[in-house]
Amino acid sequence: MTSYRLAAGGLVDRSRPLPFTFDGAKLSGLAGDSLASALLANGVRTVGRSFKYHRPRGILTAGSSEPNALVSLGTGGRREPNTRATTIELYEGLVAESQNRWPSLRFDAGALNNLLSPFLAAGFYYKTFMWPARFWEKLYEPLIRRAAGLGRGHYLPDPDHYEKRWAHCDLLVVGAGPSGLLAALTAARSGARVILADERERPGGSLLGERLDVGGMPGADWASRIVSELAAMPNVTVVLRTTVFGWYDSNVFGALEKVQKHTAHPDPNLPVERLWRIVARHAMLATGAEERPLTFGGNDRIGIMLAGAMRTYANRYSVAPGRRAAIFTSGDDAYRTAHDLVANGVEVAAIVDSRSDPAVGAPPGVRVIAGSVVVGTSGARGLASIDIVTDGRTERLAVDALAMSGGFSPVIHLACQRGARPIWNSSLNAFAAPPGLRGLSVAGAAAGVYSTGEGMRDGIIRAGEALEQLGFAAHPPSLPALEGEDGGARVAAALWHVGGSRGKAFVDFQNDVAVADLKVAVSEGYRHVELVKRYTTTGMATDQGKLSNVNAIGIVAEQLGRSPGEIGTTTFRPFYSPVSFGALAGEQTGRNFQPVRRSPLHGWAQDNGAVFVESGLWYRSAWFPRRDEKGWRESVDREARNVRRNVGVCDVSTLGKIEVFGPDAAQFLDRVYCNGFSTLPVGKARYGLMLREDGFVYDDGTASRLGADHFVVTTTTALAGGVMGHLEFCAQVLWPALDIRLASVSDQWAQMAIAGPSSRAVLERLVDTDLSDAEFPHLAAAQVLLRNGLEARLFRISFSGELAYELAVPAKFGNAIAGAVMEAGAPYGICAYGTEALGVLRIEKGHVTHAEINGTVTPADLGLGRMVSSKKDFVGRTMLRREGLAAHERQQLVGLKPAGADMRMRAGAHLLRLDDAPSTSNDQGYVTSSCYSPNLGHHIALALLRGGSTRYGEHLRVWNALHGETVEAVVCAPDFLADAPARELQ
Amino acid sequence: MTSVPAPSAPVGPEHFGIGGAPDRTGIEIAIVHEAAVALVLASRANADAAAGALAVLSSTRGASVRAAGPGSWYVVDANADEGTFLRRVGDSVGPAGAVVDQSSGRVLFRIEGEHAAAALSKVAFVDLFEASFPTGDSATTMAAGIGVHLHRTGPQSFELLVMRSYAESLIDRLKLACREYGYRVG
């Protein structure tokens, strides 16, 4: 393979060769190379196959807009598809592979598509694969997707980690080119907090690709010197390898830092990528301008690249683009490429200028063919010649490299991501950011100020304006002297496409969209640029049309006889360039996907062999298997039976607990519960129902009065946070005049239910209080002293229907006290029981949970209509009076028992009349909770049944179509224990 | 059950020790089990009186008083006996505010070191620049998606109060955030 490395110069370190592989071939580059420059230096010019036609493609750019040179990087779990070879820093051991080709890059079977390309114009698929319609999803689309496409993903775990961080600053400068560096320096010296971000590994932006001296030194050195000064200042953060990809509400910017993408052996203590969320008081875009390709026949042939990129490869990477180059331009800037190529010893055969009288000087000896265009190219495995038309005459010129330049488009993506539309600037022949954006300004080439010197000045001026807004006195640096800039204007004549081209003239290289496709779209009536985009796919995929959009708009405008400004652009959205899912997920993977909450009794439960179940963020003990038990049901049956016969202890710490203080606390609770609390005496607890504003039940729990002005409210586990927020809203917004204060104490107290006939006896061994019915009756609530001296709270409340208490102790003592309860209960046959047995016990008793309080029920639906006070106002009262919420035929809570042989009734099953056909149109209601009742010896269920409270005794069909089950059941009151005399309990 | 039992630790023993970048301990994380923590709540009318009383408490008795919202403060004493501490806070505030024991409900994390702010910026979105969040300032905010009360105790030191049930998840995420600097959890 021939080397295209120039003999001297460039920002590469010739003493540090870096071996790497491309499609298995062992190659070597230099430190400072990009993968693209290293490939070019090795004479590897074919780097990929195009998306649709599988045309061989080469490197087109030297930056992040690259549409062609997409490669898969890395191996195994680190392999990443669709990375741009032009932005990848070369490192030792880099492994890259080309994409979208089979069996090889050189011989690609998919290239058959190219032969068929005359038939594959825009809309081909939509028109051709219309029938039979059902084939589209099953046959056509999978086949088309297989034939087209980019790199393939993989399913291996990623061995690396990613992280996110926040940062705050006065001024965020995006881009460390000449304008950005001076804007950052101005702000930093003025005392503002500055973050300077640049997507490449070296600062300098355009200076890195130019032969320009700044401040008496090469531009790259000057840029490094400025960055060193900035990095040493405590008020400045410089982040290289960092792409600011999005502008979001509240002036938050998203940025992706590639921390360790430039090494084969990442440090495990560092992330490979870091996602920054930067809160900036002001941001300055110094993102430069993107050079536009020219659209002419055969413009995708390998060896053709943007003029600025060719200059960068020569100046920065010391790589010759070929042996004999030509330049095709509609503006002045590409003449700099001619000068630089000549200076680097590359022969420049001609400059083809579409303008008839260019006013800029070519290098001595280089022929300028004015008023001419390139209409076609030829060459089997890369460019061999170009066809030039001048005044109707065609001339063929043998070259192996062609630089093209169709002018520049300011990079304004970020400025337009929050709804602002770009404005067509006819003097720039480009779209510019609209003026007057709040919190963001644009400087330098991104603002259409193209010369380096003027761009630097613009950076200082715009930074000064921003600083004034931010309240800083600006201390601008002096402008450095420039040497080597020719000052040529970069505004090119509009040349959206070359008429009379031979062969396909590509507008969007990545999606294989040619001029003809756009013309088809317009001729078929697509007038709006958004529709043209979707019909042709121009501007889609990983490059999002960075190079192609303006040319496409220009061509559509020309077809319609309008200005590009009237056509407008498609919508700019984040991300500016691709962001990995890994970076977006950050550390939130695996066990850190979401936080886990551990009960203060977790250790006790673990010691007692609990099986845990995830319940929201909590891990709750579900049951406590014993060695000889064969399945969960056996454990749960034993636990539930033991509670009814002896005593059990269950962790209920996860319930929400809220303390309400203040002279108006009782009145406050009167207003948030549908039942009254101001009549509740100190030392007593009461069950309460909270409604939503719309009259439906929101949550239930107890409120206990510990003092005249002090209550403790419990909520369900699921709505602990929700109820706290609701109460805060009521207190702060609805009734700010009430003197109350709220505190969540959910985590302060470990709480355990001690339930069963022997519960009192167990507690008497622990609590230094008279627990007789006379002294501590049903619904008593008090602060008590344990016999070991610990202060606790004791409530005589029951969720099981048994004699039961809830004991609350400070969370840090939870495990120890639960252990003490087990010890005290041992003589009484105590067992630990989990949420499953808790569920069985409450279903037996007909108590509701959020399986029943599901957002569709009123208090009356649950049989709790009598709780609703008519003497006071409360949240939900007015809406509860709506006709529909009081209708008799509403679904109401009932119990269900199997009518014949015992069979399971699953939650979710539908209820049907016996005579009705099994269909949801005959639906009478549904099962909400079900279980096997070990105490009754058969299955039971709670259900919501239309008019249920009047249908006790009726036989229904419980129909579960999902499991193919039908059970005949009899409707009963939800409290199964009330129905069952004590002797019936097994 | 004759004496007050030993309290349980809020996180398992496996979390303690050194980790992250070798040969460096850029950050020290301490999980202060025995800190006495009270939440003081005052109504709008009494907020100034309560604030005044707490200012006196902090200047004369060494308790650290941290704003936690309008009419709301955490009072922290890492070395006090809980019962005595609560009575002291209650006596100071008097009828101006309600005192809620959170000694069990909140776990105190102390994070110190040159890179403490940088590590915290990976989990919390508060601006930790010293001029924006000086020593003595507090914020009720989120860390790694977990509600926390954040307090700056020095240029390079912070304290977090987190609900006990979340302590283990928070230490997991803090260790990840500190890994590049090297850390010790004690």
# chains A, B, ... in the order shown; residues from 1 in each chain; ligands from 1
>>> interface_residues(of="chain A", to="chain B", cutoff="8 Å", atoms="only C-alpha atoms", output="count of residues only")
42
>>> select_by_dssp(residues="range 592-663 of chain A", states="alpha helix (DSSP H)", output="ChimeraX atom specification")
/A:602-607,632-645
>>> atom_distance(atom1="CA of Arg274 in chain A", atom2="CA of Glu257 in chain A")
5.0 Å
>>> residues_around(residues="Ser92 in chain B", least_positions_apart="5", cutoff="10 Å", atoms="only C-alpha atoms", output="list in words")
Ala50, Gly52, Ala53, Leu54, Ala55, Val56, Leu57, Leu86, Arg87 and Gly97 of chain B
>>> write_last_selection(atoms="all heavy atoms", output="CSV table (one decimal), in the first residue's frame")
chain,number,residue,atom,x,y,z
B,50,ALA,N,-38.6,31.2,66.4
B,50,ALA,CA,-37.9,29.9,66.5
B,50,ALA,C,-36.5,30.0,65.9
B,50,ALA,O,-35.6,29.5,66.5
B,50,ALA,CB,-38.7,28.9,65.6
B,52,GLY,N,-34.6,32.6,66.0
B,52,GLY,CA,-33.8,33.3,67.0
B,52,GLY,C,-33.4,32.4,68.1
B,52,GLY,O,-32.2,32.3,68.5
B,53,ALA,N,-34.3,31.5,68.5
B,53,ALA,CA,-34.0,30.6,69.6
B,53,ALA,C,-33.0,29.6,69.1
B,53,ALA,O,-32.0,29.2,69.8
B,53,ALA,CB,-35.3,29.8,70.0
B,54,LEU,N,-33.1,29.2,67.9
B,54,LEU,CA,-32.1,28.2,67.3
B,54,LEU,C,-30.7,28.8,67.1
B,54,LEU,O,-29.7,28.2,67.3
B,54,LEU,CB,-32.6,27.6,66.0
B,54,LEU,CG,-33.8,26.7,66.2
B,54,LEU,CD1,-34.4,26.3,64.8
B,54,LEU,CD2,-33.5,25.4,66.9
B,55,ALA,N,-30.7,30.1,66.8
B,55,ALA,CA,-29.4,30.8,66.6
B,55,ALA,C,-28.7,30.8,68.0
B,55,ALA,O,-27.5,30.6,68.0
B,55,ALA,CB,-29.7,32.2,66.1
B,56,VAL,N,-29.4,31.0,69.0
B,56,VAL,CA,-28.8,31.0,70.4
B,56,VAL,C,-28.3,29.6,70.7
B,56,VAL,O,-27.2,29.4,71.1
B,56,VAL,CB,-29.9,31.5,71.4
B,56,VAL,CG1,-29.3,31.3,72.8
B,56,VAL,CG2,-30.3,33.0,71.2
B,57,LEU,N,-29.2,28.6,70.4
B,57,LEU,CA,-28.8,27.2,70.6
B,57,LEU,C,-27.5,26.9,69.9
B,57,LEU,O,-26.6,26.3,70.5
B,57,LEU,CB,-29.9,26.3,70.2
B,57,LEU,CG,-29.7,24.8,70.3
B,57,LEU,CD1,-29.8,24.4,71.8
B,57,LEU,CD2,-30.7,24.0,69.5
B,86,LEU,N,-32.8,16.2,72.4
B,86,LEU,CA,-34.2,16.6,72.1
B,86,LEU,C,-34.8,17.5,73.1
B,86,LEU,O,-35.5,18.5,72.8
B,86,LEU,CB,-35.1,15.3,71.9
B,86,LEU,CG,-34.8,14.5,70.6
B,86,LEU,CD1,-35.5,13.2,70.7
B,86,LEU,CD2,-35.2,15.3,69.4
B,87,ARG,N,-34.5,17.2,74.4
B,87,ARG,CA,-35.1,18.0,75.4
B,87,ARG,C,-34.4,19.4,75.3
B,87,ARG,O,-35.1,20.4,75.4
B,87,ARG,CB,-34.8,17.4,76.8
B,87,ARG,CG,-35.8,16.4,77.2
B,87,ARG,CD,-35.6,16.0,78.7
B,87,ARG,NE,-34.4,15.3,78.9
B,87,ARG,CZ,-34.2,14.0,78.7
B,87,ARG,NH1,-35.2,13.3,78.1
B,87,ARG,NH2,-33.0,13.4,78.9
B,97,GLY,N,-42.1,26.3,68.3
B,97,GLY,CA,-42.0,25.3,67.2
B,97,GLY,C,-42.2,23.9,67.8
B,97,GLY,O,-42.1,23.6,69.0
>>> select_by_dssp(residues="range 210-327 of chain A", states="strand (DSSP E or B)", output="PyMOL selection string")
chain A and resi 213-214+217-218+236-239+242-248+252-258+273-285+289-291+304-306+319+324-327
>>> closest_residue(among="A:Gly345, A:Gly876, A:Gly846, A:Gly63", to="Ala8 in chain A", atoms="only C-alpha atoms")
A:Gly345
>>> residues_around(residues="Val259 in chain A", least_positions_apart="6", cutoff="9 Å", atoms="only C-alpha atoms", output="PyMOL selection string")
chain A and resi 240-242+270-274
>>> write_last_selection(atoms="C-alpha atoms", output="CSV table (one decimal), in the first residue's frame")
chain,number,residue,atom,x,y,z
A,240,LEU,CA,-12.1,18.9,25.5
A,241,ARG,CA,-13.5,15.8,23.6
A,242,THR,CA,-16.8,17.2,24.7
A,270,LEU,CA,-13.0,6.5,35.1
A,271,PRO,CA,-16.1,6.5,32.9
A,272,VAL,CA,-15.7,6.0,29.2
A,273,GLU,CA,-18.2,8.7,28.6
A,274,ARG,CA,-19.6,11.4,30.8
>>> residues_around(residues="range 106-109 of chain A", least_positions_apart="2", cutoff="9 Å", atoms="only C-alpha atoms", output="PDB file with all heavy atoms, in the first residue's frame")
ATOM      1  N   THR A  46     -11.072   3.715   0.348  1.00  0.00           N
ATOM      2  CA  THR A  46     -12.448   3.205   0.417  1.00  0.00           C
ATOM      3  C   THR A  46     -12.710   2.801   1.864  1.00  0.00           C
ATOM      4  O   THR A  46     -12.033   1.924   2.398  1.00  0.00           O
ATOM      5  CB  THR A  46     -12.609   1.975  -0.491  1.00  0.00           C
ATOM      6  OG1 THR A  46     -12.137   2.308  -1.781  1.00  0.00           O
ATOM      7  CG2 THR A  46     -14.075   1.558  -0.563  1.00  0.00           C
ATOM      8  N   ARG A  49     -19.575   1.536   2.581  1.00  0.00           N
ATOM      9  CA  ARG A  49     -20.539   1.393   1.492  1.00  0.00           C
ATOM     10  C   ARG A  49     -21.756   2.232   1.838  1.00  0.00           C
ATOM     11  O   ARG A  49     -22.144   2.321   2.995  1.00  0.00           O
ATOM     12  CB  ARG A  49     -20.941  -0.081   1.355  1.00  0.00           C
ATOM     13  CG  ARG A  49     -19.834  -0.946   0.785  1.00  0.00           C
ATOM     14  CD  ARG A  49     -19.824  -0.915  -0.721  1.00  0.00           C
ATOM     15  NE  ARG A  49     -18.691  -1.627  -1.292  1.00  0.00           N
ATOM     16  CZ  ARG A  49     -18.587  -1.881  -2.598  1.00  0.00           C
ATOM     17  NH1 ARG A  49     -19.531  -1.488  -3.443  1.00  0.00           N
ATOM     18  NH2 ARG A  49     -17.546  -2.516  -3.062  1.00  0.00           N
ATOM     19  N   HIS A  54     -25.205   0.904  -1.777  1.00  0.00           N
ATOM     20  CA  HIS A  54     -23.953   0.201  -1.475  1.00  0.00           C
ATOM     21  C   HIS A  54     -22.817   0.691  -2.357  1.00  0.00           C
ATOM     22  O   HIS A  54     -21.957  -0.081  -2.769  1.00  0.00           O
ATOM     23  CB  HIS A  54     -24.127  -1.330  -1.612  1.00  0.00           C
ATOM     24  CG  HIS A  54     -24.990  -1.920  -0.544  1.00  0.00           C
ATOM     25  ND1 HIS A  54     -24.521  -2.765   0.420  1.00  0.00           N
ATOM     26  CD2 HIS A  54     -26.308  -1.759  -0.270  1.00  0.00           C
ATOM     27  CE1 HIS A  54     -25.508  -3.115   1.227  1.00  0.00           C
ATOM     28  NE2 HIS A  54     -26.601  -2.508   0.822  1.00  0.00           N
ATOM     29  N   ARG A  55     -22.825   1.967  -2.681  1.00  0.00           N
ATOM     30  CA  ARG A  55     -21.720   2.503  -3.482  1.00  0.00           C
ATOM     31  C   ARG A  55     -20.486   2.639  -2.592  1.00  0.00           C
ATOM     32  O   ARG A  55     -20.595   2.996  -1.420  1.00  0.00           O
ATOM     33  CB  ARG A  55     -22.098   3.884  -4.043  1.00  0.00           C
ATOM     34  CG  ARG A  55     -23.156   3.796  -5.135  1.00  0.00           C
ATOM     35  CD  ARG A  55     -23.768   5.155  -5.376  1.00  0.00           C
ATOM     36  NE  ARG A  55     -22.896   6.064  -6.099  1.00  0.00           N
ATOM     37  CZ  ARG A  55     -22.980   6.298  -7.398  1.00  0.00           C
ATOM     38  NH1 ARG A  55     -23.877   5.646  -8.135  1.00  0.00           N
ATOM     39  NH2 ARG A  55     -22.189   7.171  -7.972  1.00  0.00           N
ATOM     40  N   PRO A  56     -19.313   2.332  -3.139  1.00  0.00           N
ATOM     41  CA  PRO A  56     -18.105   2.505  -2.327  1.00  0.00           C
ATOM     42  C   PRO A  56     -17.913   3.990  -2.022  1.00  0.00           C
ATOM     43  O   PRO A  56     -18.125   4.843  -2.886  1.00  0.00           O
ATOM     44  CB  PRO A  56     -16.987   1.965  -3.231  1.00  0.00           C
ATOM     45  CG  PRO A  56     -17.547   1.999  -4.615  1.00  0.00           C
ATOM     46  CD  PRO A  56     -19.028   1.850  -4.494  1.00  0.00           C
ATOM     47  N   ASN A 100     -21.948  -2.264   6.427  1.00  0.00           N
ATOM     48  CA  ASN A 100     -22.918  -2.335   5.335  1.00  0.00           C
ATOM     49  C   ASN A 100     -22.319  -2.933   4.075  1.00  0.00           C
ATOM     50  O   ASN A 100     -22.510  -2.399   2.984  1.00  0.00           O
ATOM     51  CB  ASN A 100     -23.489  -0.930   5.059  1.00  0.00           C
ATOM     52  CG  ASN A 100     -24.803  -1.008   4.289  1.00  0.00           C
ATOM     53  OD1 ASN A 100     -25.551  -1.969   4.433  1.00  0.00           O
ATOM     54  ND2 ASN A 100     -25.068  -0.025   3.461  1.00  0.00           N
ATOM     55  N   ARG A 101     -21.543  -3.963   4.217  1.00  0.00           N
ATOM     56  CA  ARG A 101     -20.979  -4.636   3.051  1.00  0.00           C
ATOM     57  C   ARG A 101     -20.900  -6.120   3.340  1.00  0.00           C
ATOM     58  O   ARG A 101     -20.744  -6.529   4.488  1.00  0.00           O
ATOM     59  CB  ARG A 101     -19.595  -4.079   2.681  1.00  0.00           C
ATOM     60  CG  ARG A 101     -18.431  -4.600   3.523  1.00  0.00           C
ATOM     61  CD  ARG A 101     -18.405  -4.057   4.925  1.00  0.00           C
ATOM     62  NE  ARG A 101     -17.257  -4.394   5.719  1.00  0.00           N
ATOM     63  CZ  ARG A 101     -17.113  -5.510   6.423  1.00  0.00           C
ATOM     64  NH1 ARG A 101     -18.011  -6.441   6.402  1.00  0.00           N
ATOM     65  NH2 ARG A 101     -16.034  -5.697   7.152  1.00  0.00           N
ATOM     66  N   TRP A 102     -21.037  -6.927   2.294  1.00  0.00           N
ATOM     67  CA  TRP A 102     -20.903  -8.370   2.433  1.00  0.00           C
ATOM     68  C   TRP A 102     -20.567  -8.959   1.070  1.00  0.00           C
ATOM     69  O   TRP A 102     -21.195  -8.598   0.091  1.00  0.00           O
ATOM     70  CB  TRP A 102     -22.210  -9.009   2.941  1.00  0.00           C
ATOM     71  CG  TRP A 102     -22.053 -10.486   3.142  1.00  0.00           C
ATOM     72  CD1 TRP A 102     -21.578 -11.116   4.238  1.00  0.00           C
ATOM     73  CD2 TRP A 102     -22.346 -11.512   2.182  1.00  0.00           C
ATOM     74  NE1 TRP A 102     -21.547 -12.474   4.034  1.00  0.00           N
ATOM     75  CE2 TRP A 102     -22.017 -12.747   2.774  1.00  0.00           C
ATOM     76  CE3 TRP A 102     -22.836 -11.496   0.859  1.00  0.00           C
ATOM     77  CZ2 TRP A 102     -22.164 -13.956   2.109  1.00  0.00           C
ATOM     78  CZ3 TRP A 102     -22.983 -12.708   0.198  1.00  0.00           C
ATOM     79  CH2 TRP A 102     -22.650 -13.938   0.835  1.00  0.00           C
ATOM     80  N   PRO A 103     -19.567  -9.769   0.940  1.00  0.00           N
ATOM     81  CA  PRO A 103     -18.725 -10.305   2.014  1.00  0.00           C
ATOM     82  C   PRO A 103     -17.591  -9.365   2.420  1.00  0.00           C
ATOM     83  O   PRO A 103     -17.039  -9.536   3.485  1.00  0.00           O
ATOM     84  CB  PRO A 103     -18.160 -11.582   1.390  1.00  0.00           C
ATOM     85  CG  PRO A 103     -18.124 -11.315  -0.073  1.00  0.00           C
ATOM     86  CD  PRO A 103     -19.264 -10.402  -0.369  1.00  0.00           C
ATOM     87  N   SER A 104     -17.219  -8.394   1.552  1.00  0.00           N
ATOM     88  CA  SER A 104     -16.123  -7.517   1.950  1.00  0.00           C
ATOM     89  C   SER A 104     -16.378  -6.120   1.411  1.00  0.00           C
ATOM     90  O   SER A 104     -17.272  -5.898   0.592  1.00  0.00           O
ATOM     91  CB  SER A 104     -14.790  -8.044   1.394  1.00  0.00           C
ATOM     92  OG  SER A 104     -14.733  -7.786   0.004  1.00  0.00           O
ATOM     93  N   ALA A 111     -24.016  -4.241  -3.705  1.00  0.00           N
ATOM     94  CA  ALA A 111     -23.819  -3.237  -4.747  1.00  0.00           C
ATOM     95  C   ALA A 111     -24.743  -3.474  -5.938  1.00  0.00           C
ATOM     96  O   ALA A 111     -24.881  -2.622  -6.815  1.00  0.00           O
ATOM     97  CB  ALA A 111     -22.363  -3.218  -5.196  1.00  0.00           C
ATOM     98  N   LEU A 112     -25.391  -4.643  -5.945  1.00  0.00           N
ATOM     99  CA  LEU A 112     -26.419  -4.895  -6.951  1.00  0.00           C
ATOM    100  C   LEU A 112     -27.462  -3.774  -6.925  1.00  0.00           C
ATOM    101  O   LEU A 112     -27.996  -3.368  -7.958  1.00  0.00           O
ATOM    102  CB  LEU A 112     -27.087  -6.244  -6.640  1.00  0.00           C
ATOM    103  CG  LEU A 112     -28.214  -6.692  -7.562  1.00  0.00           C
ATOM    104  CD1 LEU A 112     -27.669  -6.994  -8.952  1.00  0.00           C
ATOM    105  CD2 LEU A 112     -28.901  -7.938  -6.996  1.00  0.00           C
ATOM    106  N   ASN A 113     -27.714  -3.271  -5.735  1.00  0.00           N
ATOM    107  CA  ASN A 113     -28.676  -2.170  -5.603  1.00  0.00           C
ATOM    108  C   ASN A 113     -28.291  -0.988  -6.479  1.00  0.00           C
ATOM    109  O   ASN A 113     -29.134  -0.253  -6.978  1.00  0.00           O
ATOM    110  CB  ASN A 113     -28.737  -1.681  -4.147  1.00  0.00           C
ATOM    111  CG  ASN A 113     -29.569  -2.606  -3.287  1.00  0.00           C
ATOM    112  OD1 ASN A 113     -29.974  -3.665  -3.750  1.00  0.00           O
ATOM    113  ND2 ASN A 113     -29.804  -2.201  -2.049  1.00  0.00           N
TER     114      ASN A 113
END
>>> atom_distance(atom1="CA of Ala521 in chain A", atom2="CA of Pro142 in chain A")
24.6 Å
>>> residues_around(residues="Gly149 in chain A", least_positions_apart="5", cutoff="12 Å", atoms="only C-alpha atoms", output="ChimeraX atom specification")
/A:48-54,70,81-82,99-101,110,142-144,510-512,541-542
>>> write_last_selection(atoms="C-alpha atoms", output="PDB file, in the first residue's frame")
ATOM      1  CA  GLY A  48     -17.553   2.248   3.603  1.00  0.00           C
ATOM      2  CA  ARG A  49     -20.539   1.393   1.492  1.00  0.00           C
ATOM      3  CA  SER A  50     -23.454   3.735   1.109  1.00  0.00           C
ATOM      4  CA  PHE A  51     -26.780   3.197   2.822  1.00  0.00           C
ATOM      5  CA  LYS A  52     -29.048   2.362  -0.077  1.00  0.00           C
ATOM      6  CA  TYR A  53     -27.008   1.670  -3.207  1.00  0.00           C
ATOM      7  CA  HIS A  54     -23.953   0.201  -1.475  1.00  0.00           C
ATOM      8  CA  LEU A  70     -18.780   5.370   9.419  1.00  0.00           C
ATOM      9  CA  PRO A  81     -21.215   0.909  15.266  1.00  0.00           C
ATOM     10  CA  ASN A  82     -21.519   4.063  13.143  1.00  0.00           C
ATOM     11  CA  GLN A  99     -19.985  -1.525   7.586  1.00  0.00           C
ATOM     12  CA  ASN A 100     -22.918  -2.335   5.335  1.00  0.00           C
ATOM     13  CA  ARG A 101     -20.979  -4.636   3.051  1.00  0.00           C
ATOM     14  CA  GLY A 110     -25.326  -5.347  -1.990  1.00  0.00           C
ATOM     15  CA  PRO A 142     -37.630  -6.736   6.851  1.00  0.00           C
ATOM     16  CA  LEU A 143     -36.075  -7.392   3.437  1.00  0.00           C
ATOM     17  CA  ILE A 144     -35.574  -3.719   2.669  1.00  0.00           C
ATOM     18  CA  GLN A 510     -25.433   9.208   3.896  1.00  0.00           C
ATOM     19  CA  ASN A 511     -28.917   8.394   2.601  1.00  0.00           C
ATOM     20  CA  ASP A 512     -28.053   8.206  -1.078  1.00  0.00           C
ATOM     21  CA  ALA A 541     -29.754   9.316   9.903  1.00  0.00           C
ATOM     22  CA  THR A 542     -26.655   9.837  11.970  1.00  0.00           C
TER      23      THR A 542
END
>>> residues_around(residues="Ser929 in chain A", least_positions_apart="5", cutoff="7 Å", atoms="only C-alpha atoms", output="VMD selection string")
chain A and resid 851 907 941 to 943
>>> write_last_selection(atoms="N, CA and C atoms", output="PDB file, in the first residue's frame")
ATOM      1  N   ALA A 851     -55.785  -2.433  45.760  1.00  0.00           N
ATOM      2  CA  ALA A 851     -56.398  -3.305  44.756  1.00  0.00           C
ATOM      3  C   ALA A 851     -57.864  -2.908  44.580  1.00  0.00           C
ATOM      4  N   ALA A 907     -57.605 -12.550  40.580  1.00  0.00           N
ATOM      5  CA  ALA A 907     -57.847 -11.120  40.463  1.00  0.00           C
ATOM      6  C   ALA A 907     -57.825 -10.750  38.986  1.00  0.00           C
ATOM      7  N   ALA A 941     -62.640 -14.354  47.462  1.00  0.00           N
ATOM      8  CA  ALA A 941     -62.229 -13.210  46.649  1.00  0.00           C
ATOM      9  C   ALA A 941     -63.035 -11.991  47.038  1.00  0.00           C
ATOM     10  N   LEU A 942     -62.420 -10.822  46.833  1.00  0.00           N
ATOM     11  CA  LEU A 942     -63.162  -9.564  46.907  1.00  0.00           C
ATOM     12  C   LEU A 942     -63.381  -9.119  45.468  1.00  0.00           C
ATOM     13  N   ALA A 943     -64.500  -8.471  45.218  1.00  0.00           N
ATOM     14  CA  ALA A 943     -64.800  -8.065  43.849  1.00  0.00           C
ATOM     15  C   ALA A 943     -65.604  -6.781  43.865  1.00  0.00           C
TER      16      ALA A 943
END
>>> closest_residue(among="B:Thr84, B:Ile31, B:Tyr74, B:Ala67", to="Asp137 in chain B", atoms="only C-alpha atoms")
B:Ala67
>>> atom_distance(atom1="CA of Ile658 in chain A", atom2="CA of Ala718 in chain A")
14.1 Å
>>> decode(residues="range 123-128 of chain B", atoms="N, CA, C and O atoms", output="PDB file, in the first residue's frame")
ATOM      1  N   VAL B 123     -24.023  13.538  41.476  1.00  0.00           N
ATOM      2  CA  VAL B 123     -25.312  13.031  41.962  1.00  0.00           C
ATOM      3  C   VAL B 123     -26.309  14.150  42.272  1.00  0.00           C
ATOM      4  O   VAL B 123     -27.516  13.907  42.298  1.00  0.00           O
ATOM      5  N   ALA B 124     -25.829  15.354  42.520  1.00  0.00           N
ATOM      6  CA  ALA B 124     -26.731  16.440  42.936  1.00  0.00           C
ATOM      7  C   ALA B 124     -26.617  17.620  41.979  1.00  0.00           C
ATOM      8  O   ALA B 124     -25.532  17.901  41.467  1.00  0.00           O
ATOM      9  N   PHE B 125     -27.744  18.288  41.755  1.00  0.00           N
ATOM     10  CA  PHE B 125     -27.701  19.374  40.769  1.00  0.00           C
ATOM     11  C   PHE B 125     -27.573  20.759  41.379  1.00  0.00           C
ATOM     12  O   PHE B 125     -27.654  21.762  40.688  1.00  0.00           O
ATOM     13  N   VAL B 126     -27.364  20.844  42.684  1.00  0.00           N
ATOM     14  CA  VAL B 126     -27.144  22.143  43.314  1.00  0.00           C
ATOM     15  C   VAL B 126     -25.786  22.687  42.859  1.00  0.00           C
ATOM     16  O   VAL B 126     -24.832  21.926  42.702  1.00  0.00           O
ATOM     17  N   ASP B 127     -25.718  23.990  42.641  1.00  0.00           N
ATOM     18  CA  ASP B 127     -24.446  24.617  42.279  1.00  0.00           C
ATOM     19  C   ASP B 127     -23.561  24.651  43.529  1.00  0.00           C
ATOM     20  O   ASP B 127     -23.840  25.378  44.476  1.00  0.00           O
ATOM     21  N   LEU B 128     -22.494  23.875  43.531  1.00  0.00           N
ATOM     22  CA  LEU B 128     -21.650  23.741  44.725  1.00  0.00           C
ATOM     23  C   LEU B 128     -20.436  24.664  44.697  1.00  0.00           C
ATOM     24  O   LEU B 128     -19.559  24.545  45.546  1.00  0.00           O
TER      25      LEU B 128
END
